[in-house]
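> So here's final-v5.cif, just mmCIF, C-alpha atoms and all ligand atoms:
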```
data_target
#
loop_
_atom_site.label_atom_id
_atom_site.label_comp_id
_atom_site.auth_asym_id
_atom_site.auth_seq_id
_atom_site.Cartn_x
_atom_site.Cartn_y
_atom_site.Cartn_z
CA MET A 1 -15.98 14.46 19.53
CA LEU A 2 -17.05 13.81 15.98
CA GLY A 3 -14.28 13.89 13.41
CA ARG A 4 -11.46 14.54 15.83
CA ASN A 5 -9.75 11.20 15.33
CA ILE A 6 -8.67 10.14 11.89
CA GLY A 7 -6.78 7.21 10.45
CA VAL A 8 -4.43 7.48 7.49
CA ASP A 9 -3.33 4.55 5.36
CA LEU A 10 -0.23 6.14 3.87
CA GLY A 11 0.41 3.82 0.95
CA THR A 12 2.84 3.74 -1.95
CA ALA A 13 -0.01 3.69 -4.44
CA SER A 14 -2.71 5.58 -2.58
CA VAL A 15 -3.64 7.43 0.58
CA ILE A 16 -6.91 6.45 2.24
CA ILE A 17 -8.31 8.50 5.13
CA TYR A 18 -10.85 7.25 7.64
CA MET A 19 -12.65 9.72 9.87
CA GLU A 20 -14.29 8.65 13.10
CA GLY A 21 -18.05 8.78 12.76
CA ARG A 22 -17.90 9.27 8.99
CA GLY A 23 -16.01 6.27 7.60
CA ILE A 24 -13.70 6.51 4.59
CA VAL A 25 -13.64 10.15 3.53
CA LEU A 26 -10.76 10.29 1.05
CA THR A 27 -9.02 7.98 -1.42
CA GLU A 28 -6.37 9.61 -3.58
CA PRO A 29 -3.30 8.38 -5.48
CA SER A 30 0.01 9.14 -3.68
CA VAL A 31 1.24 11.50 -6.37
CA VAL A 32 2.39 15.14 -6.26
CA ALA A 33 3.12 17.50 -9.16
CA TYR A 34 5.52 20.46 -8.94
CA ASN A 35 6.05 23.41 -11.18
CA THR A 36 9.78 23.18 -11.93
CA LYS A 37 10.10 26.94 -12.51
CA THR A 38 8.56 28.09 -9.24
CA GLY A 39 9.22 24.92 -7.25
CA ARG A 40 5.63 25.06 -5.97
CA MET A 41 3.23 22.18 -5.71
CA CYS A 42 0.68 22.53 -8.51
CA ALA A 43 -1.40 19.39 -8.17
CA VAL A 44 -1.85 16.51 -5.77
CA GLY A 45 -3.68 13.16 -5.75
CA LYS A 46 -5.90 12.26 -8.68
CA LYS A 47 -5.13 15.46 -10.58
CA ALA A 48 -1.39 14.83 -10.34
CA TYR A 49 -1.85 11.14 -11.20
CA ASP A 50 -3.56 12.11 -14.45
CA MET A 51 -0.41 14.03 -15.40
CA LEU A 52 1.89 11.00 -14.87
CA GLY A 53 3.71 10.18 -18.11
CA ARG A 54 2.03 13.11 -19.89
CA ASN A 55 3.60 16.05 -18.09
CA PRO A 56 5.52 18.80 -19.91
CA ASP A 57 9.06 19.75 -18.88
CA SER A 58 7.74 22.56 -16.71
CA ILE A 59 5.97 20.07 -14.42
CA ARG A 60 7.61 17.33 -12.38
CA VAL A 61 5.32 14.55 -11.20
CA ILE A 62 6.56 12.39 -8.35
CA ARG A 63 5.42 9.55 -6.17
CA PRO A 64 6.74 10.61 -2.75
CA MET A 65 6.38 7.11 -1.31
CA LYS A 66 8.53 4.32 -2.63
CA ASP A 67 8.71 0.68 -1.60
CA GLY A 68 6.26 1.37 1.21
CA VAL A 69 8.44 4.03 2.85
CA VAL A 70 8.65 7.77 2.53
CA SER A 71 11.31 8.60 -0.04
CA ASP A 72 10.58 12.33 -0.31
CA PHE A 73 9.62 13.81 3.05
CA THR A 74 8.80 17.33 1.90
CA ALA A 75 6.52 16.08 -0.87
CA THR A 76 4.81 13.60 1.47
CA ARG A 77 4.24 16.29 4.09
CA GLN A 78 2.82 18.70 1.54
CA MET A 79 0.58 16.00 0.10
CA LEU A 80 -0.69 14.99 3.55
CA SER A 81 -1.28 18.61 4.61
CA ARG A 82 -3.47 19.06 1.56
CA PHE A 83 -5.42 15.84 2.19
CA ILE A 84 -5.85 16.51 5.92
CA ALA A 85 -7.02 20.07 5.24
CA LYS A 86 -9.50 18.70 2.70
CA VAL A 87 -11.14 16.27 5.13
CA CYS A 88 -11.00 18.57 8.18
CA ARG A 89 -12.35 21.65 6.39
CA ASN A 90 -14.41 23.12 9.22
CA ALA A 91 -12.64 21.59 12.18
CA ILE A 92 -11.61 23.92 14.97
CA PHE A 93 -9.20 21.51 16.59
CA LYS A 94 -6.33 19.69 14.97
CA PRO A 95 -7.18 15.99 14.58
CA ASN A 96 -5.47 13.10 16.32
CA ILE A 97 -4.10 10.86 13.61
CA ILE A 98 -3.14 7.20 13.48
CA VAL A 99 -0.91 6.42 10.50
CA CYS A 100 -0.09 2.99 9.16
CA MET A 101 3.33 1.98 8.00
CA PRO A 102 4.89 -1.35 6.95
CA SER A 103 5.87 -3.56 9.88
CA SER A 104 9.57 -3.38 9.00
CA VAL A 105 10.24 0.36 9.32
CA THR A 106 13.13 1.31 11.58
CA ASN A 107 12.80 3.36 14.76
CA LEU A 108 14.33 6.35 13.03
CA GLU A 109 11.79 6.11 10.19
CA ARG A 110 8.98 5.87 12.76
CA ARG A 111 10.02 9.08 14.44
CA THR A 112 10.45 10.86 11.14
CA ILE A 113 6.97 9.81 9.96
CA LEU A 114 5.46 10.91 13.29
CA ASP A 115 7.24 14.23 13.08
CA MET A 116 6.08 14.66 9.49
CA ILE A 117 2.45 13.88 10.26
CA THR A 118 2.34 16.40 13.09
CA ALA A 119 3.97 18.96 10.80
CA ALA A 120 1.28 18.12 8.22
CA GLY A 121 -1.54 19.08 10.57
CA ALA A 122 -2.05 16.44 13.24
CA GLY A 123 -2.53 17.59 16.84
CA LYS A 124 -1.26 14.27 18.13
CA ALA A 125 -0.06 11.28 16.16
CA CYS A 126 0.46 7.58 16.62
CA LEU A 127 1.75 4.83 14.35
CA MET A 128 0.28 1.40 13.79
CA GLU A 129 1.72 -1.53 11.87
CA GLU A 130 -0.05 -1.95 8.53
CA PRO A 131 -0.68 -5.72 8.81
CA LEU A 132 -2.24 -5.29 12.25
CA ALA A 133 -4.71 -2.73 10.90
CA ALA A 134 -5.27 -4.93 7.84
CA ALA A 135 -6.13 -7.89 10.07
CA ILE A 136 -8.61 -5.82 12.10
CA GLY A 137 -10.16 -4.48 8.89
CA ALA A 138 -10.40 -8.00 7.47
CA GLY A 139 -12.51 -8.96 10.46
CA SER A 140 -10.04 -11.07 12.47
CA ASP A 141 -10.86 -11.44 16.14
CA LEU A 142 -7.56 -10.12 17.36
CA MET A 143 -7.86 -10.37 21.10
CA HIS A 144 -8.39 -14.08 20.79
CA ALA A 145 -5.38 -16.12 21.95
CA LYS A 146 -5.30 -17.82 18.56
CA GLY A 147 -2.93 -17.12 15.72
CA SER A 148 -4.08 -15.72 12.41
CA MET A 149 -2.09 -14.76 9.34
CA VAL A 150 -2.63 -11.77 7.12
CA VAL A 151 -0.78 -11.01 3.89
CA ASP A 152 -1.20 -7.40 2.71
CA ILE A 153 -0.11 -6.99 -0.91
CA GLY A 154 0.14 -3.28 -1.73
CA GLY A 155 1.85 -1.27 -4.43
CA GLY A 156 5.35 -1.15 -2.92
CA THR A 157 5.43 -3.80 -0.22
CA THR A 158 3.92 -7.09 0.78
CA ASP A 159 3.51 -7.31 4.54
CA ILE A 160 3.12 -10.74 6.05
CA ALA A 161 2.22 -11.06 9.70
CA VAL A 162 1.11 -13.59 12.26
CA ILE A 163 -1.12 -11.98 14.81
CA THR A 164 -2.14 -13.24 18.23
CA MET A 165 -3.76 -11.54 21.23
CA GLY A 166 -3.88 -8.17 19.53
CA SER A 167 -0.26 -7.93 18.49
CA ILE A 168 2.17 -9.13 15.89
CA ALA A 169 4.03 -12.32 16.79
CA VAL A 170 6.09 -12.72 13.62
CA SER A 171 6.24 -10.47 10.57
CA LYS A 172 8.13 -9.80 7.42
CA SER A 173 7.89 -7.09 4.81
CA VAL A 174 9.21 -7.66 1.28
CA LYS A 175 9.58 -4.93 -1.30
CA VAL A 176 7.76 -6.96 -3.93
CA ALA A 177 4.17 -5.99 -4.76
CA GLY A 178 1.99 -4.43 -7.47
CA ASN A 179 4.46 -1.82 -8.79
CA LEU A 180 7.20 -4.33 -9.58
CA MET A 181 4.63 -6.44 -11.41
CA ASP A 182 3.71 -3.44 -13.59
CA GLU A 183 7.39 -2.86 -14.39
CA ALA A 184 7.79 -6.56 -15.26
CA ILE A 185 4.90 -6.30 -17.73
CA VAL A 186 6.55 -3.27 -19.38
CA ARG A 187 9.79 -5.28 -19.76
CA GLN A 188 8.02 -8.38 -21.07
CA VAL A 189 6.10 -6.45 -23.75
CA ARG A 190 9.28 -4.67 -24.85
CA ARG A 191 11.25 -7.91 -25.00
CA GLU A 192 8.64 -10.09 -26.67
CA LYS A 193 6.84 -7.61 -28.91
CA ASP A 194 9.35 -4.79 -29.40
CA VAL A 195 6.82 -2.30 -28.12
CA VAL A 196 7.34 0.11 -25.25
CA ILE A 197 4.26 0.75 -23.11
CA GLY A 198 3.81 3.09 -20.14
CA GLU A 199 3.46 1.90 -16.55
CA ARG A 200 -0.15 3.02 -16.35
CA THR A 201 -0.95 0.86 -19.37
CA ALA A 202 0.92 -2.05 -17.77
CA GLU A 203 -1.14 -1.62 -14.59
CA GLU A 204 -4.33 -1.68 -16.64
CA ILE A 205 -3.20 -4.91 -18.34
CA LYS A 206 -2.48 -6.45 -14.94
CA LYS A 207 -5.87 -5.46 -13.54
CA GLN A 208 -7.86 -6.56 -16.56
CA ILE A 209 -6.21 -9.80 -17.65
CA GLY A 210 -3.45 -10.54 -15.11
CA CYS A 211 -3.50 -13.88 -13.35
CA ALA A 212 -1.33 -15.26 -10.52
CA VAL A 213 -1.35 -18.84 -11.84
CA LEU A 214 -0.97 -20.10 -15.42
CA PRO A 215 -4.38 -19.10 -16.80
CA GLU A 216 -6.66 -21.85 -18.11
CA ALA A 217 -8.75 -19.55 -20.25
CA GLU A 218 -6.64 -17.16 -22.31
CA LEU A 219 -7.69 -13.50 -22.18
CA ALA A 220 -6.21 -10.79 -24.38
CA LEU A 221 -6.08 -7.01 -24.37
CA THR A 222 -5.01 -4.66 -27.14
CA VAL A 223 -3.02 -1.69 -25.89
CA LYS A 224 -1.18 1.30 -27.30
CA GLY A 225 2.51 2.06 -27.07
CA LYS A 226 5.45 2.90 -29.30
CA ARG A 227 7.81 0.77 -31.39
CA TYR A 228 11.05 0.16 -29.52
CA ILE A 229 13.31 0.79 -32.52
CA SER A 230 11.48 3.39 -34.61
CA GLY A 231 9.60 5.16 -31.80
CA MET A 232 6.44 5.18 -33.93
CA PRO A 233 2.97 4.55 -32.45
CA ALA A 234 2.03 0.90 -32.18
CA THR A 235 -0.86 -1.24 -30.99
CA VAL A 236 -0.11 -4.61 -29.52
CA GLU A 237 -2.08 -7.55 -28.17
CA VAL A 238 -1.05 -8.82 -24.76
CA THR A 239 -2.39 -12.12 -23.41
CA SER A 240 -2.95 -13.27 -19.85
CA THR A 241 -0.16 -15.84 -20.34
CA ASP A 242 2.30 -13.05 -21.33
CA CYS A 243 1.21 -11.21 -18.24
CA TYR A 244 1.55 -14.26 -15.97
CA LEU A 245 5.03 -15.06 -17.34
CA ALA A 246 6.13 -11.48 -16.66
CA MET A 247 4.88 -11.51 -13.06
CA ARG A 248 5.62 -15.14 -12.18
CA GLU A 249 8.94 -14.47 -10.47
CA TYR A 250 7.37 -11.91 -8.14
CA ILE A 251 4.37 -14.06 -7.30
CA GLU A 252 6.85 -16.81 -6.47
CA THR A 253 8.81 -14.41 -4.20
CA ILE A 254 5.64 -13.49 -2.30
CA GLY A 255 4.76 -17.17 -1.87
CA GLU A 256 8.30 -17.92 -0.64
CA ALA A 257 8.13 -15.03 1.83
CA VAL A 258 4.85 -16.40 3.26
CA ARG A 259 6.49 -19.80 3.67
CA GLY A 260 9.50 -18.13 5.27
CA VAL A 261 7.29 -16.50 7.90
CA LEU A 262 5.51 -19.80 8.62
CA GLU A 263 8.89 -21.49 9.08
CA ILE A 264 9.85 -19.13 11.91
CA THR A 265 6.40 -19.06 13.52
CA PRO A 266 5.97 -21.06 16.76
CA PRO A 267 4.21 -24.42 16.19
CA GLU A 268 1.04 -23.64 18.17
CA LEU A 269 0.41 -20.58 16.05
CA VAL A 270 1.12 -22.43 12.80
CA GLY A 271 -1.45 -25.00 13.93
CA ASP A 272 -4.01 -22.21 14.41
CA ILE A 273 -3.26 -20.75 10.97
CA GLY A 274 -3.59 -24.24 9.46
CA SER A 275 -7.18 -24.34 10.63
CA SER A 276 -8.17 -20.65 10.33
CA GLY A 277 -6.41 -20.09 7.01
CA ILE A 278 -4.56 -17.11 5.53
CA VAL A 279 -6.32 -13.83 4.69
CA LEU A 280 -5.18 -11.60 1.81
CA THR A 281 -5.66 -7.81 1.89
CA GLY A 282 -4.39 -4.84 -0.15
CA GLY A 283 -5.00 -3.91 -3.80
CA GLY A 284 -2.41 -6.40 -5.05
CA ALA A 285 -4.49 -9.22 -3.57
CA LEU A 286 -7.14 -8.44 -6.20
CA LEU A 287 -4.93 -10.01 -8.85
CA ARG A 288 -6.93 -12.91 -10.23
CA GLU A 289 -6.13 -16.27 -8.54
CA MET A 290 -3.74 -14.67 -6.03
CA ALA A 291 -5.34 -16.60 -3.16
CA ASN A 292 -4.91 -19.82 -5.13
CA ALA A 293 -1.25 -19.07 -5.80
CA ILE A 294 -0.58 -18.66 -2.05
CA GLN A 295 -2.68 -21.71 -1.23
CA ASN A 296 -0.72 -23.83 -3.75
CA LYS A 297 2.56 -22.63 -2.28
CA THR A 298 1.68 -23.22 1.39
CA GLY A 299 -1.02 -25.88 1.35
CA ILE A 300 -3.02 -23.61 3.68
CA LYS A 301 -6.54 -22.47 2.86
CA THR A 302 -6.27 -18.86 1.65
CA ARG A 303 -9.07 -16.36 1.11
CA LEU A 304 -9.40 -12.80 -0.12
CA ALA A 305 -10.75 -10.36 2.48
CA THR A 306 -13.92 -8.42 1.75
CA ASP A 307 -13.04 -5.01 0.24
CA PRO A 308 -9.27 -5.72 0.42
CA VAL A 309 -8.15 -2.23 -0.70
CA ASN A 310 -9.84 -0.56 2.28
CA CYS A 311 -8.98 -3.12 4.97
CA VAL A 312 -6.13 -1.08 6.47
CA ALA A 313 -8.16 2.16 6.65
CA LYS A 314 -11.20 0.34 8.04
CA GLY A 315 -8.98 -1.46 10.54
CA ILE A 316 -7.58 1.84 11.85
CA GLY A 317 -11.17 3.08 12.00
CA LEU A 318 -12.24 0.16 14.16
CA ALA A 319 -9.18 0.64 16.38
CA LEU A 320 -10.05 4.34 16.79
CA GLY A 321 -13.37 3.23 18.22
CA ASP A 322 -11.60 1.69 21.22
CA LEU A 323 -8.90 4.11 22.33
CA ASP A 324 -8.54 2.45 25.75
CA MET A 325 -7.70 -0.86 24.12
CA LEU A 326 -5.23 0.96 21.86
CA ALA A 327 -3.49 2.58 24.82
CA GLU A 328 -3.31 -0.80 26.54
CA GLN A 329 -1.55 -2.19 23.48
CA GLY A 330 0.98 0.65 23.60
CA TYR A 331 -0.51 2.83 20.86
CA ILE A 332 -0.27 6.24 22.49
CA PHE A 333 -0.91 9.56 20.77
CA LYS A 334 1.97 12.03 21.06
CA THR A 335 2.30 15.71 20.32
CA ARG A 336 5.09 17.09 18.14
CA GLU A 337 7.04 18.21 21.22
CA GLU A 338 6.79 14.77 22.76
CA ILE A 339 7.96 13.16 19.53
CA THR A 340 10.90 15.45 18.83
CA GLY A 341 11.82 15.47 22.52
CA TYR A 342 11.94 11.69 22.33
CA VAL A 343 14.39 11.89 19.41
CA GLU A 344 16.80 13.95 21.46
CA ASN A 345 16.85 11.49 24.38
N1 LIG B 1 -7.90 -5.56 -9.75
C1 LIG B 1 -6.61 -5.54 -9.49
N2 LIG B 1 -5.81 -6.55 -9.92
C2 LIG B 1 -4.49 -6.52 -9.67
N3 LIG B 1 -3.86 -5.56 -8.98
C3 LIG B 1 -4.61 -4.53 -8.54
C4 LIG B 1 -6.02 -4.46 -8.75
N4 LIG B 1 -6.48 -3.32 -8.19
C5 LIG B 1 -5.42 -2.71 -7.64
N5 LIG B 1 -4.29 -3.42 -7.85
C6 LIG B 1 -2.92 -3.08 -7.45
O1 LIG B 1 -2.87 -2.87 -6.07
C7 LIG B 1 -1.76 -2.00 -5.78
C8 LIG B 1 -2.21 -0.94 -4.82
O2 LIG B 1 -2.67 -1.54 -3.65
P1 LIG B 1 -2.86 -0.72 -2.30
O3 LIG B 1 -3.74 0.45 -2.56
O4 LIG B 1 -3.23 -1.68 -1.25
O5 LIG B 1 -1.35 -0.21 -2.11
P2 LIG B 1 -0.75 0.79 -1.05
O6 LIG B 1 -1.38 0.53 0.27
O7 LIG B 1 -0.85 2.17 -1.58
O8 LIG B 1 0.77 0.35 -1.07
P3 LIG B 1 1.74 -0.14 0.12
O9 LIG B 1 0.88 -0.83 1.13
O10 LIG B 1 2.71 -1.05 -0.55
O11 LIG B 1 2.39 1.09 0.61
C9 LIG B 1 -1.32 -1.40 -7.11
O12 LIG B 1 -0.11 -2.01 -7.52
C10 LIG B 1 -2.46 -1.77 -8.04
O13 LIG B 1 -2.01 -1.95 -9.37
MG MG B 2 -1.01 -0.53 1.91
#
```
Can you turn what I pasted into structure tokens?
Ligand SMILES: Nc1ncnc2c1ncn2[C@@H]1O[C@H](COP(=O)(O)OP(=O)(O)OP(=O)(O)O)[C@@H](O)[C@H]1O
Ligand SMILES: [Mg+2]


Amino acid sequence: MLGRNIGVDLGTASVIIYMEGRGIVLTEPSVVAYNTKTGRMCAVGKKAYDMLGRNPDSIRVIRPMKDGVVSDFTATRQMLSRFIAKVCRNAIFKPNIIVCMPSSVTNLERRTILDMITAAGAGKACLMEEPLAAAIGAGSDLMHAKGSMVVDIGGGTTDIAVITMGSIAVSKSVKVAGNLMDEAIVRQVRREKDVVIGERTAEEIKKQIGCAVLPEAELALTVKGKRYISGMPATVEVTSTDCYLAMREYIETIGEAVRGVLEITPPELVGDIGSSGIVLTGGGALLREMANAIQNKTGIKTRLATDPVNCVAKGIGLALGDLDMLAEQGYIFKTREEITGYVEN
């Protein structure tokens, strides 16, 4: 039935919803704004994001997801209810929803997310590991008995996984991704130039001139902030080298984590990855030269997936197209009663 199955990529930076038969129907920042006097939600998604850093005291703007996991359940549920209602406007039945989460979440977190998603409007819900969906969305032939490696660099987490025969053989999730890089740029500009900039400005710097290796051609961007000491408005020029130096430590950590996963991967699978290469997905993978940085660290050919930001959502979409295969792999939709009943057992 058209539109009855939907996939949700519940990310730290953004929520992307895929609807069967329609494709990607929603992309919104994972941000919620509350009126502090009434305690009621007053904006969600893009509208709330625009308030970040500019909100008055009467409005509290929060990111309910942190480090790839739900840090504020009520806010996440309210945000998801709003998004689900938006995409299922005329639906008579509640949709079945597959949600993606980082591969390292605990069993308790899984149950809580499932419970939350059914409370947010799903008829039945099922969870899928983010790197698995990313690999499907990146076009890997999963059912093949050959290993492939996908590295999904998001806002809060980097998920690294080796996939064979439709499931994850080895995986690791590190809490180092785009957001920490933004914070590092804020610190670097304050330290080196005595100017305080906001995180949104830092993210813009990263996207426009950031580079994952020492840049050969120097780029520069002039941004606005305030003097650290006097608090007065200031404009400052930031170069791609400044940006690289700020982020270097984190790029190194991601590279080390990829190596760490390869070290514990069985030799046959490492051999496969050596010939098929590593695929990068997620918004963080769009950082200039990121594939080169990983390739230099591992010596394995690394490429950026097509449309990396949407790989996870597209992957869930493709999986939704073959529900029998999903059930065979153990991805079974459950109702709220089945989920909460399971908790009590
Ligand atoms: N062109 C770009 N260059 C560098 N970084 C980028 C670019 N575009 C987006 N990003 C970064 O990608 C990150 C968001 O990626 P994505 O949407 O995949 O995250 P997410 O799925 O919400 O997070 P997570 O998977 O960690 O929960 C942000 O940190 C953002 O700054
Ligand atoms: Mg993600």

> Using all atoms listed in the file, can you tell me which of A:Leu323, A:Ile160, A:Met149, A:Ala293 comes closest to ligand MG 2 (chain B)?

A:Ile160

> If we count all atoms listed in the file, what is near range 163-174 of chain A at a cut-off of 6 Å, once residues fewer than 2 positions away on the same chain are taken out, given as an NGL selection string?

:A and (104 or 142-148 or 157-161 or 176)

> May I ask for the distance between CA of Arg77 in chain A and CA of Asn310 in chain A, given in Å to one decimal place?

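Value for the CA of Arg77 in chain A-CA of Asn310 in chain A distance: 22.0 Å.
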
> Within 8 Å of ligand LIG 1 (chain B) (counting only C-alpha atoms and all ligand atoms), which residues show up? I'd like them as a count of residues only.

50

> At a cut-off of 8 Å, using all atoms listed in the file, what residues contact range 217-227 of chain A? Leave out same-chain residues fewer than 2 positions from it and give the result as number ranges by chain.

A: 194-198, 201, 205, 209, 215, 229-241

> Residues proximal to (-5.0, -16.3, 9.9) were defined as those with any atom within 12 Å of that point in the file's coordinates, counting all atoms listed in the file. Which are they, as a PyMOL selection string?

chain A and resi 131-132+134-136+138-142+144+146-151+160-164+168+258+262+269-281+300-305

> Using only C-alpha atoms and all ligand atoms for the distances, tell me which of A:Gly315, A:Lys124, A:Ala43, A:Leu80 is nearest to ligand MG 2 (chain B).

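Comparing A:Gly315, A:Lys124, A:Ala43, A:Leu80 against ligand MG 2 (chain B), the winner is A:Gly315.
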
> Compare A:Asn96, A:Ala133, A:Glu199, A:Leu108 by their minimum atom-to-atom distance to ligand MG 2 (chain B), counting all atoms listed in the file, and give me the closest one.

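Of A:Asn96, A:Ala133, A:Glu199, A:Leu108, the one nearest ligand MG 2 (chain B), counting all atoms listed in the file, is A:Ala133.
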
> Rank A:Thr27, A:Gln295, A:Tyr228, A:Lys94 by their smallest atom-to-atom distance to Ala119 in chain A, using only C-alpha atoms, and report the top residue only.

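Nearest candidate to Ala119 in chain A out of A:Thr27, A:Gln295, A:Tyr228, A:Lys94: A:Lys94.
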
> Give the centre and edge lengths of an axis-aligned box, in Å to one decimal, that holds all listed atoms of range 56-66 of chain A with 5 Å on each side, as JSON.


```
{"center_x": 7.2, "center_y": 13.4, "center_z": -10.6, "size_x": 13.7, "size_y": 28.2, "size_z": 28.6}
```

> Using CA of Cys211 in chain A and CA of Glu256 in chain A as the two end points, give the distance in Å to one decimal.

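That distance, rounded to one decimal, is 17.8 Å.
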
> Could you work out how far CA of Ala327 in chain A lies from CA of Gly137 in chain A, giving the answer in Å with one decimal?

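Going from CA of Gly137 in chain A over to CA of Ala327 in chain A, I get 18.7 Å.
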
> Ranking A:Ser103, A:Thr38, A:Thr76, A:Ser58 by minimum distance to ligand MG 2 (chain B) and counting all atoms listed in the file, which one comes first?

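Of the candidates, the smallest distance to ligand MG 2 (chain B) is held by A:Ser103.
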
> For a quick check of understanding, using all atoms listed in the file, which of A:Lys86, A:Arg259, A:Lys314, A:Arg336 has the smallest distance to ligand MG 2 (chain B)?

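Ranked by minimum distance to ligand MG 2 (chain B), first place goes to A:Lys314.
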
> Could you give me, as a ChimeraX atom specification, the residues within 12 Å of Asn35 in chain A, counting all atoms listed in the file and dropping anything in the same chain fewer than 6 positions from it?

/A:41-44,48,55-62

> What lies within 12 Å of Tyr331 in chain A using all atoms listed in the file, ignoring chain neighbours under 4 positions off, as a ChimeraX atom specification?

/A:97-100,124-129,132,166-167,316,319-320,322-327

> Could you add the missing atoms to range 59-70 of chain A, up to N, CA, C and O atoms, and return them as a compact mmCIF listing (two decimals), in the coordinates of the input?


```
# COMPACT_ATOMS: atom_id res chain seq x y z
N ILE A 59 6.61 20.71 -15.58
CA ILE A 59 5.97 20.07 -14.42
C ILE A 59 6.67 18.75 -14.09
O ILE A 59 6.94 17.94 -14.98
N ARG A 60 6.97 18.59 -12.82
CA ARG A 60 7.61 17.33 -12.38
C ARG A 60 6.59 16.57 -11.54
O ARG A 60 6.03 17.13 -10.59
N VAL A 61 6.32 15.34 -11.95
CA VAL A 61 5.32 14.55 -11.20
C VAL A 61 6.05 13.46 -10.44
O VAL A 61 6.81 12.68 -11.03
N ILE A 62 5.84 13.41 -9.13
CA ILE A 62 6.56 12.39 -8.35
C ILE A 62 5.63 11.58 -7.45
O ILE A 62 4.56 12.03 -7.07
N ARG A 63 6.08 10.38 -7.17
CA ARG A 63 5.42 9.55 -6.17
C ARG A 63 6.29 9.64 -4.93
O ARG A 63 7.38 9.07 -4.90
N PRO A 64 5.86 10.38 -3.90
CA PRO A 64 6.74 10.61 -2.75
C PRO A 64 6.98 9.38 -1.87
O PRO A 64 7.86 9.38 -1.03
N MET A 65 6.17 8.34 -2.09
CA MET A 65 6.38 7.11 -1.31
C MET A 65 6.95 6.07 -2.27
O MET A 65 6.47 5.90 -3.38
N LYS A 66 7.96 5.36 -1.80
CA LYS A 66 8.53 4.32 -2.63
C LYS A 66 8.77 3.09 -1.78
O LYS A 66 9.18 3.23 -0.62
N ASP A 67 8.50 1.94 -2.33
CA ASP A 67 8.71 0.68 -1.60
C ASP A 67 8.08 0.71 -0.21
O ASP A 67 8.64 0.16 0.75
N GLY A 68 6.96 1.37 -0.08
CA GLY A 68 6.26 1.37 1.21
C GLY A 68 6.84 2.33 2.24
O GLY A 68 6.34 2.43 3.34
N VAL A 69 7.92 3.04 1.90
CA VAL A 69 8.44 4.03 2.85
C VAL A 69 8.50 5.39 2.20
O VAL A 69 8.45 5.51 0.97
N VAL A 70 8.63 6.41 3.05
CA VAL A 70 8.65 7.77 2.53
C VAL A 70 10.01 8.03 1.88
O VAL A 70 11.04 7.94 2.53
```
